[in-house]
Amino acid sequence: MKMHIPEDNPQYKALKREIIRYRRKPGPLIQVLHRAQEIFGYLPPEVQFFVAKELNVPLSSVYGVVTFYNFFRTEPVARHIINICMGTACHVKGAANVAEALSKELGIKIGETTEDKMFTLSTARCFGACGLAPVMMINDEVYGKLTPERAVEIVKKYREEHGGA
Amino acid sequence: MPKRLDVLICSGAACISNNSQLIRKKLEEVIAKEGLQEEVAIIETGCMGPCELGPVMLVYPDGTFYIRLKEEDVEEIVKEHFLKGRPVRRLLWETPEARKIAEEKKQIPFFEKQFKIALANCGKIDPENIEEYIATGGYEALGKVLTEMKPEEVIDEIIKSGLRGRGGAGFPTGLKWKFTREAQGNEKYVICNADEGDPGAFMDRAILEGDPHAVLEGMAIAAYAIGAKQGYIYVRAEYPLAVKRLEIAIKQARKYGLLGKNIFETGFEFDVELRMGAGAFVCGEETALIASIEGKRGQPKPKPPYPAQSGLWGKPTLINNVETLANVRHIILSGASWFSSIGTEKSKGTKVFALSGKVVNTGLVEVPMGITLRELVYDIGGGVPNGKKFKAVQIGGPSGGCVPEKYLDTPVDYESLKELGTIMGSGGLIVLDEDDCMVNIAKFFLEFTMEESCGQCVPCRVGLKQMYDILDRITRGEGREEDIELLEKLGKEIQTTSLCGLGQSAPNPVLSTIKYFREEYMEHIKERKCRAGVCQFKKEEKLETAIEKIKDII
């Protein structure tokens with residue numbers, strides 16, 4: 001398999017640096033993929049190919065790992081990721097209603113991205129913030145004690161504040 | 001120089017998302033404005049427990065406990081309390097039971113029945129400052145074992161203490177250490193399982209964020225006991241704050257010579273590396289976790305061989321859970337007999353629980369083993385809010401079950417819970433009320449385990465999907481009369497034939513809800529009725545109206 005990798009591209013350069021850092025440690029693949037996803041936002045075939053080549057592991061192993069773990073994405077995502085917690089506490093406190101309201105507000109289903117690439121709507125397992133259920137995360141920030149109305153309000157505000165970002 | 005007042009601000013995950021950082025900033029501002037910098041110390045701590053009431057703040061030496069703070073409250077607290085010594089009463093915890101305002105933290109029922117060992121430092125010290133940990137006797141236990149005890153003596157002490165694995169299964173910790181020590185091989189590893197994946201569980205998160213050094217110290221003691229030089233902490237990628245605080249703790253411990261080479265100048269060498277998980281529930285299973293650290297798909301392997309014989313890279317490996325490790329230093333310092341005096345005959349010590357769901361005081365609690373579920377839900381948890389009726393408490397996450405009102409006086413210990421068809425589990429405790437449908441809850445957990453099944457073995461991969469489909473049709477009002485027996489039969493087969501703990505325990509939520517709430521299943525199937533009003537059934541059309549409709553079309 002041949003794939004063109006623009007090695008002088010700054011993202012690949014950054015990834016290469018990370019790979020060199022991890023290469024000497026045993027079992028580096030998952031840790032390298034974490035860094036790669038931080039750099040690229042997701043793990044397209046080219047990146048997986050690059051990782052396989054640099055770590056000297058079969059591409060099939062890389063692909064196997066990427067598709068096994070929920071955390072790794074193979075599709076690009078929006079600038080802001082909304083993750084609605086679907087853990088038990090959130091489930092019994094109405095997370096489904098929050099998801100429905102946001103889905104309606106943004107006009108997309110769970111797993112989809114808005115046309116303007118502003119938001120990706122996603123669900124997650126437990127964040128471990130059950131005391132505040134139901135909760136959602138937008139990027140790294142946790143919002144707790146949600147109602148469908150409050151969730152919509154937060155997303156609207158987010159759009160205003162980060163609209164140009 | 002000690003200051004006149006110590007102000008502890010909770011910076012557990014829940015309080016942070018309730019803007020505790022803004023409170024801290026404002027507090028610093030006002031204290032500076034009033035010129036109190038020399039008199040008041042501000043300390044950010046790990047989780048204090050009552051997450052529902054956050055952000056919370058504790059003021060010492062008087063023990064005043066402030067709840068639900070807002071930025072605009074800060075000025076009043078500084079002027080009235082810090083300057084004039086008059087606590088701001090409207091921000092104290094009024095307990096509904098007593099209709100009384102708690103002047104001090106120790107008067108609050110939520111804290112009264114708790115007994116903290118694993119959480120001893122959580123909410124008391126700054127987790128990013130190793131000196132505060134050392135001031136609480138931190139690393140003293142490590143010093144003691146390295147200079148005064150032989151590895152075998154350490155293992156004996158842990159065996160005598162009766163400590164059992166807090167990750168859920170409850171295997172005697174000391175025995176695990178013994179087996180790993182006795183295994184052949186020069187190279188051995190210690191792994192801390194911090195892949196807390198049960199939905200509804202956040203105990204380990206709180207320990208990692210609130211007292212990371214306790215975990216490192218526990219690992220180092222374990223390493224000395226079994227003869228390992230290298231440790232790994234396998235932590236969820238979903239816990240960025242825990243990762244950050246662990247990184248800081250490891251760095252500080254290395255700097256102080258408490259990790260690395262020649263620790264306490266005894267020649268003992270041990271270091272720890274962090275490994276991030278990537279969102280696979282099955283990686284909480286020991287052999288899957290090992291595969292994941294090795295950089296592979298997290299697929300469990302048949303046991304034996306156990307990790308104690310052949311674990312990470314085929315070497316003898318000890319895997320302990322976060323909470324288990326956090327207990328170790330206390331056992332070494334206070335003695336096995338002290339530890340084993342707490343709890344019940346077969347379950348010693350304490351257990352941390354994450355209380356959530358339909359309960360007034362959600363949050364993190366640590367209680368002696370043997371406390372009843374009723375005490376947990378009502379005395380500490382404050383009961384069910386909004387005048388609703390209690391229905392069940394779910395324990396043990398996707399591997400556990402639901403306990404109905406009738407058994408609320410059951411003591412919390414490994415054996416009693418197992419008899420009820422649930423497990424101690426990692427400590428998630430979710431209270432359900434009359435608005436929760438038990439069939440829906442069972443379906444919720446099955447959906448979870450079905451999706452998280454690694455897909456290797458047939459009973460788990462195919463069986464759980466079959467069980468899910470049956471539950472799904474019951475919740476849609478299309479259940480058949482034989483479905484309950486079918487679920488029971490399938491469940492038992494999956495329990496006995498699955499490869500790993502995930503499949504073996506996945507039917508528990510279904511079997512336990514059938515056991516205790518069979519009538520709810522029956523209502524769904526026979527009467528198309530969901531007493532909680534959760535399941536939406538399509539309206540059944542009367543035959544006549546259907547015929548009329550068809551006539552219209554024709």
# chains A, B, ... in the order shown; residues from 1 in each chain; ligands from 1
$ interface_residues --of "chain B" --to "chain A" --cutoff "7 Å" --atoms "only C-alpha atoms" --output "list in words"
Ala13, Ala14, Ser17, Cys51, Glu52, Pro199, Gly200, Ala201, Phe202, Glu238, Met276, Ala278, Gly279, Ala280, Ile293, Glu294, Gly295, Lys296, Arg297, Ser356, Gly357, Thr362, Gly363, Ile430 and Asp436 of chain B
$ residues_around --residues "Glu38 of chain B" --least-positions-apart "5" --cutoff "10 Å" --atoms "only C-alpha atoms" --output "ChimeraX atom specification"
/B:1-5,31-32
$ write_last_selection --atoms "N, CA and C atoms" --output "mmCIF file, in the first residue's frame"
data_model
loop_
_atom_site.group_PDB
_atom_site.id
_atom_site.type_symbol
_atom_site.label_atom_id
_atom_site.label_comp_id
_atom_site.auth_asym_id
_atom_site.auth_seq_id
_atom_site.Cartn_x
_atom_site.Cartn_y
_atom_site.Cartn_z
ATOM 1 N N MET B 1 4.878 29.635 58.732
ATOM 2 C CA MET B 1 4.037 30.062 59.872
ATOM 3 C C MET B 1 2.597 29.640 59.645
ATOM 4 N N PRO B 2 1.995 28.963 60.618
ATOM 5 C CA PRO B 2 0.581 28.618 60.420
ATOM 6 C C PRO B 2 -0.268 29.882 60.430
ATOM 7 N N LYS B 3 -1.310 29.840 59.640
ATOM 8 C CA LYS B 3 -2.148 31.024 59.570
ATOM 9 C C LYS B 3 -3.350 30.879 60.493
ATOM 10 N N ARG B 4 -4.031 31.988 60.702
ATOM 11 C CA ARG B 4 -5.161 31.983 61.637
ATOM 12 C C ARG B 4 -6.310 31.122 61.109
ATOM 13 N N LEU B 5 -6.545 31.181 59.810
ATOM 14 C CA LEU B 5 -7.637 30.417 59.215
ATOM 15 C C LEU B 5 -7.145 29.630 58.006
ATOM 16 N N ILE B 31 -9.664 38.840 49.912
ATOM 17 C CA ILE B 31 -8.714 38.695 51.015
ATOM 18 C C ILE B 31 -7.551 39.677 50.861
ATOM 19 N N ALA B 32 -7.122 39.847 49.614
ATOM 20 C CA ALA B 32 -6.046 40.812 49.359
ATOM 21 C C ALA B 32 -6.528 42.228 49.656
#
$ residues_around --residues "segment 401-413 of chain B" --least-positions-apart "6" --cutoff "9 Å" --atoms "only C-alpha atoms" --output "PyMOL selection string"
chain B and resi 343-344+346-348+351+368-375+377+390-395+420-424+438+442+508-513+516-517
$ residues_around --residues "segment 7-13 of chain A" --least-positions-apart "4" --cutoff "10 Å" --atoms "only C-alpha atoms" --output "short mmCIF file (atom, residue, chain, number, x, y, z; two decimals) with C-alpha atoms, in the first residue's frame"
data_model
loop_
_atom_site.label_atom_id
_atom_site.label_comp_id
_atom_site.auth_asym_id
_atom_site.auth_seq_id
_atom_site.Cartn_x
_atom_site.Cartn_y
_atom_site.Cartn_z
CA ARG A 17 8.49 14.05 17.47
CA GLU A 18 5.93 12.31 19.67
CA ILE A 19 6.67 8.96 18.05
CA ALA A 36 -1.99 11.70 16.89
CA ILE A 39 -2.74 16.74 16.70
CA PHE A 40 -5.08 15.87 13.83
CA VAL A 47 -2.21 9.07 9.80
CA PHE A 50 2.24 6.93 9.06
CA VAL A 51 2.02 5.58 12.62
#
$ select_by_dssp --residues "segment 60-301 of chain B" --states "alpha helix (DSSP H)" --output "MDAnalysis selection string"
chainID B and resid 74:76 109:112 130:135 140:148 151:161 173:182 203:210 212:226 240:255 286:293
$ atom_distance --atom1 "atom CA of Arg68 of chain B" --atom2 "atom CA of Val367 of chain B"
24.4 Å
$ atom_distance --atom1 "atom CA of Ile110 of chain A" --atom2 "atom CA of Phe445 of chain B"
19.5 Å
$ closest_residue --among "B:Pro300, B:Gly174, B:Gly349, B:Pro385" --to "Asn361 of chain B" --atoms "only C-alpha atoms"
B:Pro385
$ atom_distance --atom1 "atom CA of Lys301 of chain B" --atom2 "atom CA of Tyr414 of chain B"
25.4 Å
$ select_by_dssp --residues "segment 264-459 of chain B" --states "strand (DSSP E)" --output "NGL selection string"
:B and (268-276 or 317-321 or 350-357 or 363-368 or 390-395 or 401-404 or 428-433)
$ write_last_selection --atoms "N, CA and C atoms" --output "tab-separated table (two decimals), in the first residue's frame"
chain	number	residue	atom	x	y	z
B	268	PHE	N	16.32	0.16	47.12
B	268	PHE	CA	15.07	-0.22	46.47
B	268	PHE	C	14.76	0.76	45.33
B	269	GLU	N	14.36	0.18	44.21
B	269	GLU	CA	14.14	0.99	43.00
B	269	GLU	C	12.73	0.74	42.48
B	270	PHE	N	12.01	1.82	42.21
B	270	PHE	CA	10.65	1.66	41.67
B	270	PHE	C	10.23	2.94	40.97
B	271	ASP	N	9.67	2.79	39.77
B	271	ASP	CA	9.14	3.97	39.08
B	271	ASP	C	7.78	3.63	38.46
B	272	VAL	N	7.04	4.69	38.18
B	272	VAL	CA	5.67	4.52	37.71
B	272	VAL	C	5.45	5.27	36.40
B	273	GLU	N	4.76	4.64	35.49
B	273	GLU	CA	4.42	5.29	34.23
B	273	GLU	C	2.90	5.29	34.04
B	274	LEU	N	2.40	6.38	33.48
B	274	LEU	CA	0.96	6.47	33.23
B	274	LEU	C	0.64	5.91	31.85
B	275	ARG	N	-0.42	5.14	31.76
B	275	ARG	CA	-0.90	4.69	30.46
B	275	ARG	C	-2.37	5.05	30.35
B	276	MET	N	-2.73	5.71	29.28
B	276	MET	CA	-4.12	6.12	29.13
B	276	MET	C	-4.93	5.07	28.41
B	317	THR	N	2.56	-10.37	37.19
B	317	THR	CA	2.05	-9.01	37.31
B	317	THR	C	0.97	-8.94	38.39
B	318	LEU	N	1.09	-7.91	39.22
B	318	LEU	CA	0.08	-7.68	40.24
B	318	LEU	C	-0.83	-6.53	39.78
B	319	ILE	N	-2.13	-6.78	39.76
B	319	ILE	CA	-3.06	-5.70	39.41
B	319	ILE	C	-3.97	-5.42	40.59
B	320	ASN	N	-3.93	-4.20	41.07
B	320	ASN	CA	-4.82	-3.79	42.15
B	320	ASN	C	-5.58	-2.53	41.74
B	321	ASN	N	-6.76	-2.41	42.29
B	321	ASN	CA	-7.59	-1.25	42.01
B	321	ASN	C	-7.13	-0.03	42.83
B	350	THR	N	-13.39	-0.45	55.07
B	350	THR	CA	-14.47	0.44	54.62
B	350	THR	C	-14.68	0.27	53.12
B	351	LYS	N	-15.73	0.89	52.61
B	351	LYS	CA	-15.92	0.92	51.15
B	351	LYS	C	-16.39	2.32	50.78
B	352	VAL	N	-15.83	2.80	49.68
B	352	VAL	CA	-16.27	4.10	49.17
B	352	VAL	C	-17.42	3.87	48.19
B	353	PHE	N	-18.47	4.64	48.33
B	353	PHE	CA	-19.59	4.55	47.40
B	353	PHE	C	-19.85	5.89	46.74
B	354	ALA	N	-20.29	5.81	45.50
B	354	ALA	CA	-20.71	7.01	44.79
B	354	ALA	C	-22.23	6.98	44.77
B	355	LEU	N	-22.83	7.86	45.56
B	355	LEU	CA	-24.29	7.93	45.66
B	355	LEU	C	-24.83	8.83	44.56
B	356	SER	N	-25.77	8.31	43.79
B	356	SER	CA	-26.39	9.19	42.80
B	356	SER	C	-27.78	8.70	42.46
B	357	GLY	N	-28.38	9.33	41.50
B	357	GLY	CA	-29.75	9.00	41.12
B	357	GLY	C	-30.76	9.76	41.95
B	363	GLY	N	-23.30	12.21	45.94
B	363	GLY	CA	-21.89	12.49	46.20
B	363	GLY	C	-21.12	11.26	46.60
B	364	LEU	N	-19.99	11.53	47.26
B	364	LEU	CA	-19.04	10.47	47.53
B	364	LEU	C	-19.00	10.19	49.03
B	365	VAL	N	-19.14	8.93	49.42
B	365	VAL	CA	-19.13	8.61	50.85
B	365	VAL	C	-18.26	7.38	51.10
B	366	GLU	N	-17.69	7.33	52.28
B	366	GLU	CA	-16.95	6.13	52.68
B	366	GLU	C	-17.51	5.63	54.00
B	367	VAL	N	-17.89	4.36	54.03
B	367	VAL	CA	-18.56	3.82	55.21
B	367	VAL	C	-17.91	2.50	55.63
B	368	PRO	N	-18.03	2.16	56.92
B	368	PRO	CA	-17.51	0.85	57.34
B	368	PRO	C	-18.34	-0.26	56.69
B	390	PHE	N	-39.42	5.30	47.16
B	390	PHE	CA	-38.23	4.52	46.83
B	390	PHE	C	-38.64	3.22	46.13
B	391	LYS	N	-37.86	2.85	45.11
B	391	LYS	CA	-38.16	1.58	44.47
B	391	LYS	C	-37.03	0.57	44.62
B	392	ALA	N	-35.83	0.96	44.29
B	392	ALA	CA	-34.72	0.02	44.36
B	392	ALA	C	-33.41	0.79	44.40
B	393	VAL	N	-32.34	0.07	44.77
B	393	VAL	CA	-31.04	0.67	44.65
B	393	VAL	C	-30.18	-0.25	43.78
B	394	GLN	N	-29.56	0.36	42.79
B	394	GLN	CA	-28.75	-0.39	41.85
B	394	GLN	C	-27.31	-0.36	42.32
B	395	ILE	N	-26.73	-1.52	42.52
B	395	ILE	CA	-25.34	-1.60	43.00
B	395	ILE	C	-24.52	-2.42	42.02
B	401	GLY	N	-26.80	-5.66	40.38
B	401	GLY	CA	-28.24	-5.84	40.30
B	401	GLY	C	-28.99	-4.80	41.09
B	402	CYS	N	-30.31	-4.95	41.13
B	402	CYS	CA	-31.16	-4.00	41.83
B	402	CYS	C	-31.70	-4.64	43.10
B	403	VAL	N	-31.60	-3.91	44.20
B	403	VAL	CA	-32.08	-4.42	45.47
B	403	VAL	C	-33.36	-3.66	45.84
B	404	PRO	N	-34.46	-4.38	46.11
B	404	PRO	CA	-35.72	-3.71	46.44
B	404	PRO	C	-35.79	-3.32	47.91
B	428	GLY	N	-20.56	2.06	42.72
B	428	GLY	CA	-21.64	2.92	42.23
B	428	GLY	C	-22.93	2.50	42.91
B	429	LEU	N	-23.67	3.46	43.41
B	429	LEU	CA	-24.91	3.14	44.11
B	429	LEU	C	-25.97	4.12	43.62
B	430	ILE	N	-26.87	3.61	42.79
B	430	ILE	CA	-27.84	4.51	42.17
B	430	ILE	C	-29.24	4.23	42.70
B	431	VAL	N	-29.82	5.26	43.26
B	431	VAL	CA	-31.14	5.09	43.86
B	431	VAL	C	-32.22	5.31	42.80
B	432	LEU	N	-33.18	4.38	42.75
B	432	LEU	CA	-34.26	4.47	41.77
B	432	LEU	C	-35.58	4.70	42.51
B	433	ASP	N	-36.46	5.50	41.93
B	433	ASP	CA	-37.74	5.73	42.59
B	433	ASP	C	-38.89	5.24	41.71
$ closest_residue --among "B:Glu132, B:Glu29, B:Glu34, B:Glu182" --to "Ala214 of chain B" --atoms "only C-alpha atoms"
B:Glu132
$ residues_around --residues "Thr266 of chain B" --least-positions-apart "4" --cutoff "12 Å" --atoms "only C-alpha atoms" --output "PyMOL selection string"
chain B and resi 142-149+224+257-258+260-262+270
$ write_last_selection --atoms "C-alpha atoms" --output "PDB file, in the first residue's frame"
ATOM      1  CA  LEU B 142       6.843   3.200  52.571  1.00  0.00           C
ATOM      2  CA  GLY B 143       9.764   4.214  54.756  1.00  0.00           C
ATOM      3  CA  LYS B 144       8.654   1.724  57.398  1.00  0.00           C
ATOM      4  CA  VAL B 145       8.409  -1.252  55.046  1.00  0.00           C
ATOM      5  CA  LEU B 146      11.703  -0.453  53.344  1.00  0.00           C
ATOM      6  CA  THR B 147      13.683  -0.054  56.536  1.00  0.00           C
ATOM      7  CA  GLU B 148      11.934  -2.318  59.056  1.00  0.00           C
ATOM      8  CA  MET B 149      10.059  -5.047  57.234  1.00  0.00           C
ATOM      9  CA  TYR B 224       8.591  -3.926  47.369  1.00  0.00           C
ATOM     10  CA  GLY B 257      13.448  10.585  45.841  1.00  0.00           C
ATOM     11  CA  LEU B 258      10.284   8.649  46.691  1.00  0.00           C
ATOM     12  CA  GLY B 260      13.160   6.176  41.166  1.00  0.00           C
ATOM     13  CA  LYS B 261      16.432   4.641  42.258  1.00  0.00           C
ATOM     14  CA  ASN B 262      17.640   4.001  45.797  1.00  0.00           C
ATOM     15  CA  PHE B 270      10.655   1.659  41.667  1.00  0.00           C
TER      16      PHE B 270
END
$ closest_residue --among "A:His162, A:Thr123, A:Asn97, A:Ile108" --to "Leu146 of chain A" --atoms "only C-alpha atoms"
A:Asn97
$ closest_residue --among "B:Val74, B:Leu499, B:Ile263, B:Val235" --to "Gly197 of chain B" --atoms "only C-alpha atoms"
B:Val235
$ closest_residue --among "B:Ile494, B:Ala242, B:Gly427, B:Cys457" --to "Pro302 of chain B" --atoms "only C-alpha atoms"
B:Cys457
